[in-house]
2 protein chains.
Amino acid sequence: MPPSDYCDRWPTSGRPNGYQRAKPVSCAKPGAAHDFPLFNDYGRPLNLPTGASFGVGGDHLGQSMLVAVLDGVVKGYIEMANGQRLIFGFRFAGDVLLIPPSEQHLFLVIEALAPTKLLRLNDSELSRLRASHPELDLRLWEMSAMELARITRHMLRLGCMDAQARIASFLLEMRGLLNGAGSNRASLWLPMARQDIAEYLGLKPETVSRHFSRLREAGVIDTPTSKHVVVKDRDRLLALAGLSDGAGDFALNGV
Amino acid sequence: MPPSDYCDRWPTSGRPNGYQRAKPVSCAKPGAAHDFPLFNDYGRPLNLPTGASFGVGGDHLGQSMLVAVLDGVVKGYIEMANGQRLIFGFRFAGDVLLIPPSEQHLFLVIEALAPTKLLRLNDSELSRLRASHPELDLRLWEMSAMELARITRHMLRLGCMDAQARIASFLLEMRGLLNGAGSNRASLWLPMARQDIAEYLGLKPETVSRHFSRLREAGVIDTPTSKHVVVKDRDRLLALAGLSDGAGDFALNGV
DNA sequence: CACACCGATTGATTCAGGTCAACTTCAAGG
DNA sequence: CCTTGAAGTTGACCTGAATCAATCGGTGTG
């Protein structure tokens, strides 16, 4: 029986799965990971098999929490009282996740998409950490600024992009390319299901599937398998996401 | 000519306006404001007449910024390269606003909805402040956690609520009631235009107007004037926003 | 007071994405 | 190899919000 300050849930079916067969590429900014040794002394470790999750709520109401993903991939989602859910982000090995003080009527869950090792620090563990390592305050500030930037970008997707643009922008985020680095062509492995992408982008799985197909037919991407996407034309994706100066020139007219 | 680290824009028309005739009620959590004396020693003050704005971008790329609203109301919005814009929040006297490091292709603007006094602290001013007042680190951490919670709630609105729910949830936020305090009936003043509400909620002004009308016909609110809303039935608003346990029982069927 | 202007409201129509259902693909296990 | 089941894809249709357009209403001005 786990202690009352967290709640762990195991996958409903013990299905073995294919996630492990390719190592997901991390989207972590380099620089987060080097604080991990310190977190390690103060945080509580947790191993989650694929599909397992832990919820933040109940006793955590009003507390914030820091989660460091040592290995694996997780999705984080919020569930509303009426059952609606929204995935607010995916985090890969090396990423840090700051969970804001939770709200009444909302329940926040972190679920593993592959076997995952992580560390959790709640408010009191964090304050012990910052008491003995005041130099970390600046890093924590930077992390929360990054988290804020990340979620702001996502809010923009949800607030003023159509389905096509959301998906283009999602693929670019998964490539870690939103700020322009990297080559035009790249192959990437998506550890999450279409359903997850849909819940992340505020769409339905059918819509995600349709737009993947459109992008494939337009020659912007290839989809050798459903979880393996080859980005053939990054510039076109940028334009479709409305992030390029020449946006609009690249619309998939009539496709 | 203003220094290059900010850019100020004045209202296009010098229209006198009615905003001043009722003092907007602040949504600030008490507790933010008592740090203002400290901010005052390190921040740069700025007065904005109604409709004036300043932009964060250019030289600020990669910097975060703290803005303390001493008096007035502002809206903060992000503009994408293609001209789309999303208002990410409104801030009232006593509120603090943390602006995340900006992104390429995005431009962030703070615009006054009424004559406004504010303080701005950029990265270097913030680090001077935290160097001489290390006790503030905890407050800054709390502020960023609050900001994260706020924007997460908004992301939820945009990601998985329909127009009706977004508007119900918006009205509740303006009442400062999202966590359940206050009486069932309340009168509130909205300093922003329908267009602003629409850009905040990812809708069009016509849609906002229609749903205000629906809520009025259903007896949930009254709208004596377009900027003055009387909430007659908070519980019904909560249900419509999907935040009550009995959600759904209150749907405006056939209205 | 009459006028002009701008925002808000309402109505008619269109369209992107949701819904529902059929079919395909693929991995696991006998 | 066949069976099974779950995820993904595709098609037909529907609906909620956007769009386009007309009207209303308050505010400031001559």
# chains A, B, ... in the order shown; residues from 1 in each chain; ligands from 1
>>> select_by_dssp(residues="region 38-185 of chain A", states="strand (DSSP E)", output="ChimeraX atom specification")
/A:44-48,53-56,65-71,73-80,85-92,96-99,106-112,116-122
>>> write_last_selection(atoms="N, CA and C atoms", output="short mmCIF file (atom, residue, chain, number, x, y, z; two decimals), in the first residue's frame")
data_model
loop_
_atom_site.label_atom_id
_atom_site.label_comp_id
_atom_site.auth_asym_id
_atom_site.auth_seq_id
_atom_site.Cartn_x
_atom_site.Cartn_y
_atom_site.Cartn_z
N ARG A 44 12.06 11.48 -4.20
CA ARG A 44 11.68 10.09 -4.03
C ARG A 44 11.62 9.43 -5.40
N PRO A 45 12.38 8.35 -5.57
CA PRO A 45 12.42 7.67 -6.87
C PRO A 45 11.15 6.87 -7.09
N LEU A 46 10.81 6.63 -8.35
CA LEU A 46 9.64 5.84 -8.70
C LEU A 46 9.87 5.20 -10.06
N ASN A 47 9.59 3.91 -10.14
CA ASN A 47 9.67 3.23 -11.43
C ASN A 47 8.27 2.92 -11.92
N LEU A 48 7.97 3.26 -13.14
CA LEU A 48 6.67 2.97 -13.71
C LEU A 48 6.82 2.08 -14.94
N SER A 53 0.74 4.80 -13.88
CA SER A 53 0.64 6.24 -13.69
C SER A 53 0.58 6.58 -12.22
N PHE A 54 0.84 7.84 -11.91
CA PHE A 54 0.52 8.31 -10.57
C PHE A 54 -0.22 9.62 -10.67
N GLY A 55 -1.11 9.85 -9.73
CA GLY A 55 -1.95 11.03 -9.77
C GLY A 55 -1.51 12.06 -8.76
N VAL A 56 -1.66 13.33 -9.12
CA VAL A 56 -1.37 14.41 -8.20
C VAL A 56 -2.70 15.08 -7.88
N MET A 65 4.93 20.62 -7.50
CA MET A 65 5.77 19.43 -7.45
C MET A 65 6.76 19.45 -8.60
N LEU A 66 7.94 18.93 -8.34
CA LEU A 66 8.93 18.82 -9.40
C LEU A 66 9.15 17.34 -9.71
N VAL A 67 9.08 16.99 -10.98
CA VAL A 67 9.32 15.61 -11.40
C VAL A 67 10.47 15.61 -12.39
N ALA A 68 11.50 14.83 -12.10
CA ALA A 68 12.63 14.70 -13.02
C ALA A 68 12.56 13.33 -13.67
N VAL A 69 12.50 13.30 -14.99
CA VAL A 69 12.42 12.03 -15.70
C VAL A 69 13.84 11.53 -15.97
N LEU A 70 14.23 10.45 -15.26
CA LEU A 70 15.58 9.92 -15.41
C LEU A 70 15.69 9.07 -16.67
N ASP A 71 14.62 8.33 -16.95
CA ASP A 71 14.67 7.43 -18.09
C ASP A 71 13.24 7.12 -18.53
N VAL A 73 9.65 7.72 -21.03
CA VAL A 73 8.79 8.80 -21.54
C VAL A 73 7.51 8.81 -20.73
N VAL A 74 7.00 9.97 -20.46
CA VAL A 74 5.69 10.07 -19.80
C VAL A 74 4.81 11.06 -20.54
N LYS A 75 3.49 10.88 -20.38
CA LYS A 75 2.56 11.94 -20.77
C LYS A 75 1.94 12.47 -19.49
N GLY A 76 1.69 13.77 -19.44
CA GLY A 76 1.01 14.36 -18.29
C GLY A 76 -0.34 14.86 -18.74
N TYR A 77 -1.40 14.53 -18.02
CA TYR A 77 -2.71 15.02 -18.43
C TYR A 77 -3.54 15.49 -17.26
N ILE A 78 -4.54 16.27 -17.56
CA ILE A 78 -5.47 16.78 -16.57
C ILE A 78 -6.84 16.25 -16.91
N GLU A 79 -7.53 15.81 -15.89
CA GLU A 79 -8.87 15.30 -16.10
C GLU A 79 -9.85 16.24 -15.42
N MET A 80 -10.90 16.61 -16.15
CA MET A 80 -11.92 17.46 -15.55
C MET A 80 -12.99 16.60 -14.90
N ARG A 85 -10.44 15.04 -20.86
CA ARG A 85 -9.04 15.14 -20.47
C ARG A 85 -8.20 15.82 -21.53
N LEU A 86 -7.14 16.47 -21.06
CA LEU A 86 -6.22 17.15 -21.96
C LEU A 86 -4.80 16.79 -21.54
N ILE A 87 -4.04 16.24 -22.48
CA ILE A 87 -2.63 16.00 -22.23
C ILE A 87 -1.90 17.33 -22.34
N PHE A 88 -1.19 17.74 -21.29
CA PHE A 88 -0.53 19.05 -21.36
C PHE A 88 0.91 18.93 -21.82
N GLY A 89 1.44 17.70 -21.87
CA GLY A 89 2.79 17.59 -22.39
C GLY A 89 3.35 16.19 -22.32
N PHE A 90 4.37 15.96 -23.10
CA PHE A 90 5.14 14.72 -23.05
C PHE A 90 6.52 15.08 -22.53
N ARG A 91 7.08 14.22 -21.70
CA ARG A 91 8.43 14.48 -21.19
C ARG A 91 9.31 13.25 -21.37
N PHE A 92 10.54 13.50 -21.81
CA PHE A 92 11.46 12.43 -22.14
C PHE A 92 12.58 12.38 -21.11
N VAL A 96 12.64 17.89 -17.09
CA VAL A 96 12.07 18.18 -15.78
C VAL A 96 10.66 18.72 -15.99
N LEU A 97 9.79 18.37 -15.11
CA LEU A 97 8.38 18.74 -15.24
C LEU A 97 7.95 19.44 -13.96
N LEU A 98 7.48 20.68 -14.07
CA LEU A 98 6.98 21.39 -12.90
C LEU A 98 5.47 21.33 -12.89
N ILE A 99 4.92 20.82 -11.82
CA ILE A 99 3.48 20.69 -11.73
C ILE A 99 2.94 21.80 -10.84
N LEU A 106 -10.10 19.30 -10.54
CA LEU A 106 -9.19 18.86 -11.58
C LEU A 106 -8.29 17.80 -11.00
N PHE A 107 -7.93 16.83 -11.82
CA PHE A 107 -7.04 15.79 -11.35
C PHE A 107 -5.93 15.63 -12.36
N LEU A 108 -4.70 15.61 -11.85
CA LEU A 108 -3.55 15.60 -12.74
C LEU A 108 -2.86 14.25 -12.65
N VAL A 109 -2.52 13.68 -13.78
CA VAL A 109 -1.94 12.35 -13.82
C VAL A 109 -0.68 12.33 -14.70
N ILE A 110 0.33 11.62 -14.23
CA ILE A 110 1.53 11.36 -15.03
C ILE A 110 1.53 9.88 -15.37
N GLU A 111 1.58 9.54 -16.65
CA GLU A 111 1.51 8.15 -17.07
C GLU A 111 2.69 7.79 -17.97
N ALA A 112 3.26 6.63 -17.73
CA ALA A 112 4.43 6.20 -18.49
C ALA A 112 4.01 5.64 -19.85
N THR A 116 9.66 3.62 -17.23
CA THR A 116 10.16 4.95 -16.86
C THR A 116 10.69 4.98 -15.43
N LYS A 117 11.81 5.67 -15.25
CA LYS A 117 12.35 5.96 -13.91
C LYS A 117 12.24 7.45 -13.70
N LEU A 118 11.69 7.84 -12.56
CA LEU A 118 11.63 9.27 -12.29
C LEU A 118 11.82 9.59 -10.83
N LEU A 119 12.03 10.87 -10.53
CA LEU A 119 12.18 11.36 -9.17
C LEU A 119 11.10 12.39 -8.91
N ARG A 120 10.51 12.34 -7.70
CA ARG A 120 9.50 13.34 -7.37
C ARG A 120 9.94 14.15 -6.17
N LEU A 121 9.80 15.48 -6.23
CA LEU A 121 10.05 16.34 -5.09
C LEU A 121 8.80 17.18 -4.83
N ASN A 122 8.23 17.03 -3.63
CA ASN A 122 7.08 17.88 -3.31
C ASN A 122 7.57 19.17 -2.65
#
>>> interface_residues(of="chain A", to="chain D", cutoff="10 Å", atoms="only C-alpha atoms (C1' of nucleotides)", output="JSON, numbers by chain")
{"A": [193, 194, 195, 205, 206, 209, 210, 213, 226]}
>>> closest_atom_pairs(of="chain A", to="chain B", cutoff="6 Å", atoms="only C-alpha atoms", output="JSON lines")
{"residue": "A:Ala81", "atom": "CA", "partner": "B:Leu243", "partner_atom": "CA", "distance": 5.9}
{"residue": "A:Asn82", "atom": "CA", "partner": "B:Gly242", "partner_atom": "CA", "distance": 5.9}
{"residue": "A:Pro100", "atom": "CA", "partner": "B:Ala149", "partner_atom": "CA", "distance": 5.0}
{"residue": "A:His105", "atom": "CA", "partner": "B:Leu243", "partner_atom": "CA", "distance": 5.8}
{"residue": "A:Ala145", "atom": "CA", "partner": "B:Pro100", "partner_atom": "CA", "distance": 5.3}
{"residue": "A:Leu148", "atom": "CA", "partner": "B:Pro100", "partner_atom": "CA", "distance": 5.8}
{"residue": "A:Ala149", "atom": "CA", "partner": "B:Pro100", "partner_atom": "CA", "distance": 5.0}
{"residue": "A:Met155", "atom": "CA", "partner": "B:Met155", "partner_atom": "CA", "distance": 5.3}
{"residue": "A:Leu158", "atom": "CA", "partner": "B:Gly159", "partner_atom": "CA", "distance": 5.6}
{"residue": "A:Gly159", "atom": "CA", "partner": "B:Gly202", "partner_atom": "CA", "distance": 4.7}
{"residue": "A:Gly202", "atom": "CA", "partner": "B:Gly159", "partner_atom": "CA", "distance": 4.7}
{"residue": "A:Gly242", "atom": "CA", "partner": "B:Asn82", "partner_atom": "CA", "distance": 6.0}
{"residue": "A:Leu243", "atom": "CA", "partner": "B:His105", "partner_atom": "CA", "distance": 5.8}
>>> select_by_dssp(residues="region 9-168 of chain B", states="helix (DSSP H, G or I)", output="VMD selection string")
chain B and resid 19 to 21 33 to 42 58 to 60 123 to 132 136 to 160 163 to 168
>>> write_last_selection(atoms="C-alpha atoms", output="short mmCIF file (atom, residue, chain, number, x, y, z; two decimals), in the first residue's frame")
data_model
loop_
_atom_site.label_atom_id
_atom_site.label_comp_id
_atom_site.auth_asym_id
_atom_site.auth_seq_id
_atom_site.Cartn_x
_atom_site.Cartn_y
_atom_site.Cartn_z
CA TYR B 19 -13.54 52.62 -18.71
CA GLN B 20 -12.73 54.93 -15.85
CA ARG B 21 -16.30 55.37 -14.75
CA ALA B 33 0.89 43.21 -3.73
CA HIS B 34 2.96 43.32 -0.54
CA ASP B 35 6.13 42.67 -2.52
CA PHE B 36 5.55 45.81 -4.55
CA PRO B 37 7.66 48.12 -2.36
CA LEU B 38 10.67 45.92 -3.09
CA PHE B 39 9.95 45.74 -6.80
CA ASN B 40 9.66 49.49 -6.74
CA ASP B 41 13.36 49.91 -5.86
CA TYR B 42 14.55 47.78 -8.76
CA GLY B 58 13.61 41.84 -30.21
CA ASP B 59 16.27 42.50 -27.60
CA HIS B 60 14.27 40.52 -25.08
CA ASP B 123 16.44 39.54 -16.14
CA SER B 124 19.30 41.71 -14.97
CA GLU B 125 17.11 43.85 -12.71
CA LEU B 126 15.62 40.68 -11.28
CA SER B 127 19.01 39.20 -10.54
CA ARG B 128 20.13 42.38 -8.79
CA LEU B 129 16.94 42.21 -6.75
CA ARG B 130 17.40 38.58 -5.79
CA ALA B 131 21.06 39.15 -4.97
CA SER B 132 20.22 41.77 -2.36
CA LEU B 136 12.41 36.91 -2.30
CA ASP B 137 13.41 33.72 -4.10
CA LEU B 138 10.64 31.81 -2.42
CA ARG B 139 8.07 34.46 -3.35
CA LEU B 140 9.25 34.43 -6.94
CA TRP B 141 8.92 30.66 -6.96
CA GLU B 142 5.39 30.90 -5.60
CA MET B 143 4.52 33.52 -8.18
CA SER B 144 5.74 31.37 -11.03
CA ALA B 145 3.80 28.41 -9.65
CA MET B 146 0.69 30.58 -9.59
CA GLU B 147 1.32 31.82 -13.09
CA LEU B 148 1.76 28.23 -14.25
CA ALA B 149 -1.49 27.20 -12.58
CA ARG B 150 -3.32 30.10 -14.17
CA ILE B 151 -2.11 29.37 -17.66
CA THR B 152 -2.74 25.65 -17.22
CA ARG B 153 -6.34 26.39 -16.36
CA HIS B 154 -6.59 28.54 -19.45
CA MET B 155 -5.03 25.83 -21.61
CA LEU B 156 -7.75 23.50 -20.37
CA ARG B 157 -10.39 25.99 -21.49
CA LEU B 158 -8.90 26.21 -24.95
CA GLY B 159 -8.18 22.51 -25.29
CA CYS B 160 -11.36 20.83 -24.21
CA ALA B 163 -17.84 27.92 -26.46
CA GLN B 164 -20.52 27.84 -23.75
CA ALA B 165 -18.17 26.30 -21.19
CA ARG B 166 -15.34 28.69 -22.05
CA ILE B 167 -17.58 31.66 -21.46
CA ALA B 168 -19.00 30.27 -18.22
#
>>> closest_residue(among="B:Leu172, B:Leu113, B:Met192, B:Ala93", to="chain C", atoms="only C-alpha atoms (C1' of nucleotides)")
B:Met192
>>> interface_residues(of="chain C", to="chain A", cutoff="12 Å", atoms="only C-alpha atoms (C1' of nucleotides)", output="PyMOL selection string")
chain C and resi 16-20+25-28
>>> atom_distance(atom1="CA of Pro191 (chain B)", atom2="CA of Pro115 (chain B)")
11.4 Å
>>> atom_distance(atom1="CA of Arg234 (chain B)", atom2="CA of Val220 (chain B)")
7.7 Å
>>> atom_distance(atom1="CA of Val229 (chain A)", atom2="CA of Ala114 (chain A)")
18.4 Å
>>> decode(residues="region 41-105 of chain B", atoms="C-alpha atoms", output="short mmCIF file (atom, residue, chain, number, x, y, z; two decimals), in the first residue's frame")
data_model
loop_
_atom_site.label_atom_id
_atom_site.label_comp_id
_atom_site.auth_asym_id
_atom_site.auth_seq_id
_atom_site.Cartn_x
_atom_site.Cartn_y
_atom_site.Cartn_z
CA ASP B 41 13.36 49.91 -5.86
CA TYR B 42 14.55 47.78 -8.76
CA GLY B 43 11.91 48.03 -11.48
CA ARG B 44 11.38 50.64 -14.15
CA PRO B 45 8.01 52.40 -13.83
CA LEU B 46 5.79 53.00 -16.83
CA ASN B 47 2.47 54.78 -17.26
CA LEU B 48 0.20 53.72 -20.08
CA PRO B 49 -2.91 55.64 -21.13
CA THR B 50 -5.86 53.55 -22.31
CA GLY B 51 -4.99 51.73 -25.51
CA ALA B 52 -1.22 52.21 -25.18
CA SER B 53 1.02 49.19 -25.12
CA PHE B 54 4.57 47.97 -24.95
CA GLY B 55 6.01 44.99 -26.76
CA VAL B 56 8.40 42.36 -25.47
CA GLY B 57 10.56 40.93 -28.20
CA GLY B 58 13.61 41.84 -30.21
CA ASP B 59 16.27 42.50 -27.60
CA HIS B 60 14.27 40.52 -25.08
CA LEU B 61 14.51 37.26 -27.02
CA GLY B 62 15.37 34.60 -24.50
CA GLN B 63 14.79 36.85 -21.48
CA SER B 64 11.99 36.56 -19.03
CA MET B 65 10.37 39.60 -17.43
CA LEU B 66 8.36 40.49 -14.37
CA VAL B 67 5.62 43.10 -14.63
CA ALA B 68 3.82 44.38 -11.55
CA VAL B 69 0.55 46.19 -12.21
CA LEU B 70 0.31 49.01 -9.66
CA ASP B 71 -2.92 50.46 -10.98
CA GLY B 72 -5.29 49.93 -13.90
CA VAL B 73 -5.91 46.89 -16.11
CA VAL B 74 -3.92 45.35 -18.93
CA LYS B 75 -4.39 42.60 -21.45
CA GLY B 76 -1.40 40.54 -22.54
CA TYR B 77 -1.37 38.96 -25.96
CA ILE B 78 0.87 37.08 -28.33
CA GLU B 79 0.97 37.73 -32.02
CA MET B 80 2.06 35.07 -34.47
CA ALA B 81 3.94 35.73 -37.70
CA ASN B 82 0.70 35.33 -39.67
CA GLY B 83 -1.13 38.01 -37.70
CA GLN B 84 -3.17 35.65 -35.53
CA ARG B 85 -3.30 36.77 -31.94
CA LEU B 86 -4.24 35.23 -28.63
CA ILE B 87 -4.80 37.13 -25.41
CA PHE B 88 -3.20 35.01 -22.70
CA GLY B 89 -4.55 36.94 -19.77
CA PHE B 90 -5.89 40.06 -18.14
CA ARG B 91 -4.14 41.56 -15.12
CA PHE B 92 -5.57 44.00 -12.62
CA ALA B 93 -4.06 46.36 -10.05
CA GLY B 94 -2.10 44.27 -7.55
CA ASP B 95 -1.40 41.45 -10.00
CA VAL B 96 2.01 40.31 -11.07
CA LEU B 97 2.69 39.00 -14.54
CA LEU B 98 5.61 36.75 -15.42
CA ILE B 99 6.55 36.81 -19.06
CA PRO B 100 8.40 33.73 -20.27
CA PRO B 101 11.44 33.93 -22.55
CA SER B 102 10.00 34.88 -25.90
CA GLU B 103 10.27 32.84 -29.04
CA GLN B 104 11.29 33.51 -32.56
CA HIS B 105 8.30 34.37 -34.78
#
